[in-house]
Amino acid sequence: NIDIGQDQGGLESLPTRNKTSLRLKYEAETRVFRARFGGLEEVRKRLGLSRRQICQILLVDPSAWTRWCRNEDRVPPHIYR
């Protein structure tokens, strides 16, 4: 049995790194934004934009948008900014 660095969930273990003060600030801003305005899809709908339009504005691939909507904890903070 060879250990390939997987945890019990089957995902590779990644080394943790310290977050910078700027990253912590962005994450705090994200939490405030989400509490006030809602999630990605809610904001998109409030703006009256299609998924294609919001992806063009943010310069992201539609597959990224779909992935982020499934798990909003994984959205990069700059997307909310």
# chains A, B, ... in the order shown; residues from 1 in each chain; ligands from 1
>>> closest_atom_pairs(of="region 34-70 of chain A", to="region 18-30 of chain A", cutoff="12 Å", atoms="only C-alpha atoms", output="CSV")
residue,atom,partner,partner_atom,distance
A:Arg34,CA,A:Thr30,CA,6.1
A:Ala35,CA,A:Thr30,CA,8.5
A:Arg36,CA,A:Thr30,CA,9.8
A:Phe37,CA,A:Thr30,CA,10.3
A:Gly38,CA,A:Thr30,CA,10.4
A:Gly39,CA,A:Thr30,CA,10.1
A:Leu40,CA,A:Thr30,CA,11.1
>>> write_last_selection(atoms="all heavy atoms", output="compact mmCIF listing (two decimals), in the first residue's frame")
# COMPACT_ATOMS: atom_id res chain seq x y z
N ARG A 34 -21.86 39.16 0.70
CA ARG A 34 -22.81 38.05 0.56
C ARG A 34 -23.96 38.17 1.55
O ARG A 34 -25.11 37.87 1.22
CB ARG A 34 -22.11 36.71 0.73
CG ARG A 34 -21.27 36.35 -0.50
CD ARG A 34 -20.46 35.11 -0.33
NE ARG A 34 -21.31 33.95 -0.07
CZ ARG A 34 -20.83 32.76 0.28
NH1 ARG A 34 -19.53 32.58 0.40
NH2 ARG A 34 -21.63 31.76 0.49
N ALA A 35 -23.68 38.63 2.77
CA ALA A 35 -24.74 38.81 3.76
C ALA A 35 -25.71 39.91 3.33
O ALA A 35 -26.91 39.81 3.55
CB ALA A 35 -24.13 39.14 5.12
N ARG A 36 -25.18 40.92 2.71
CA ARG A 36 -26.02 42.07 2.32
C ARG A 36 -26.75 41.86 1.00
O ARG A 36 -27.91 42.24 0.87
CB ARG A 36 -25.14 43.32 2.23
CG ARG A 36 -25.91 44.57 1.97
CD ARG A 36 -25.07 45.79 2.17
NE ARG A 36 -25.89 46.97 1.93
CZ ARG A 36 -25.43 48.17 1.83
NH1 ARG A 36 -24.13 48.38 1.96
NH2 ARG A 36 -26.21 49.18 1.60
N PHE A 37 -26.09 41.28 0.01
CA PHE A 37 -26.66 41.21 -1.33
C PHE A 37 -27.00 39.80 -1.81
O PHE A 37 -27.65 39.64 -2.83
CB PHE A 37 -25.70 41.84 -2.35
CG PHE A 37 -25.42 43.29 -2.07
CD1 PHE A 37 -24.19 43.68 -1.57
CD2 PHE A 37 -26.39 44.25 -2.30
CE1 PHE A 37 -23.92 45.00 -1.30
CE2 PHE A 37 -26.13 45.58 -2.03
CZ PHE A 37 -24.90 45.96 -1.53
N GLY A 38 -26.53 38.77 -1.11
CA GLY A 38 -26.82 37.40 -1.51
C GLY A 38 -25.70 36.79 -2.31
O GLY A 38 -24.61 37.35 -2.44
N GLY A 39 -25.99 35.62 -2.86
CA GLY A 39 -25.00 34.86 -3.62
C GLY A 39 -24.85 35.36 -5.04
O GLY A 39 -25.51 36.32 -5.47
N LEU A 40 -24.00 34.69 -5.78
CA LEU A 40 -23.68 35.10 -7.14
C LEU A 40 -24.91 35.17 -8.04
O LEU A 40 -25.11 36.14 -8.76
CB LEU A 40 -22.67 34.13 -7.75
CG LEU A 40 -21.28 34.10 -7.14
CD1 LEU A 40 -20.44 33.02 -7.80
CD2 LEU A 40 -20.62 35.45 -7.26
>>> atom_distance(atom1="CA of Phe33 (chain A)", atom2="CA of Tyr80 (chain A)")
7.5 Å
>>> select_by_dssp(residues="chain A", states="helix (DSSP H, G or I)", output="PyMOL selection string")
chain A and resi 21-37+40-47+51-58+62-70+72-74+77-80
>>> residues_around(residues="region 62-74 of chain A", least_positions_apart="6", cutoff="9 Å", atoms="only C-alpha atoms", output="ChimeraX atom specification")
/A:39-41,51-52,54-56
>>> atom_distance(atom1="CA of Leu47 (chain A)", atom2="CA of Pro76 (chain A)")
20.0 Å
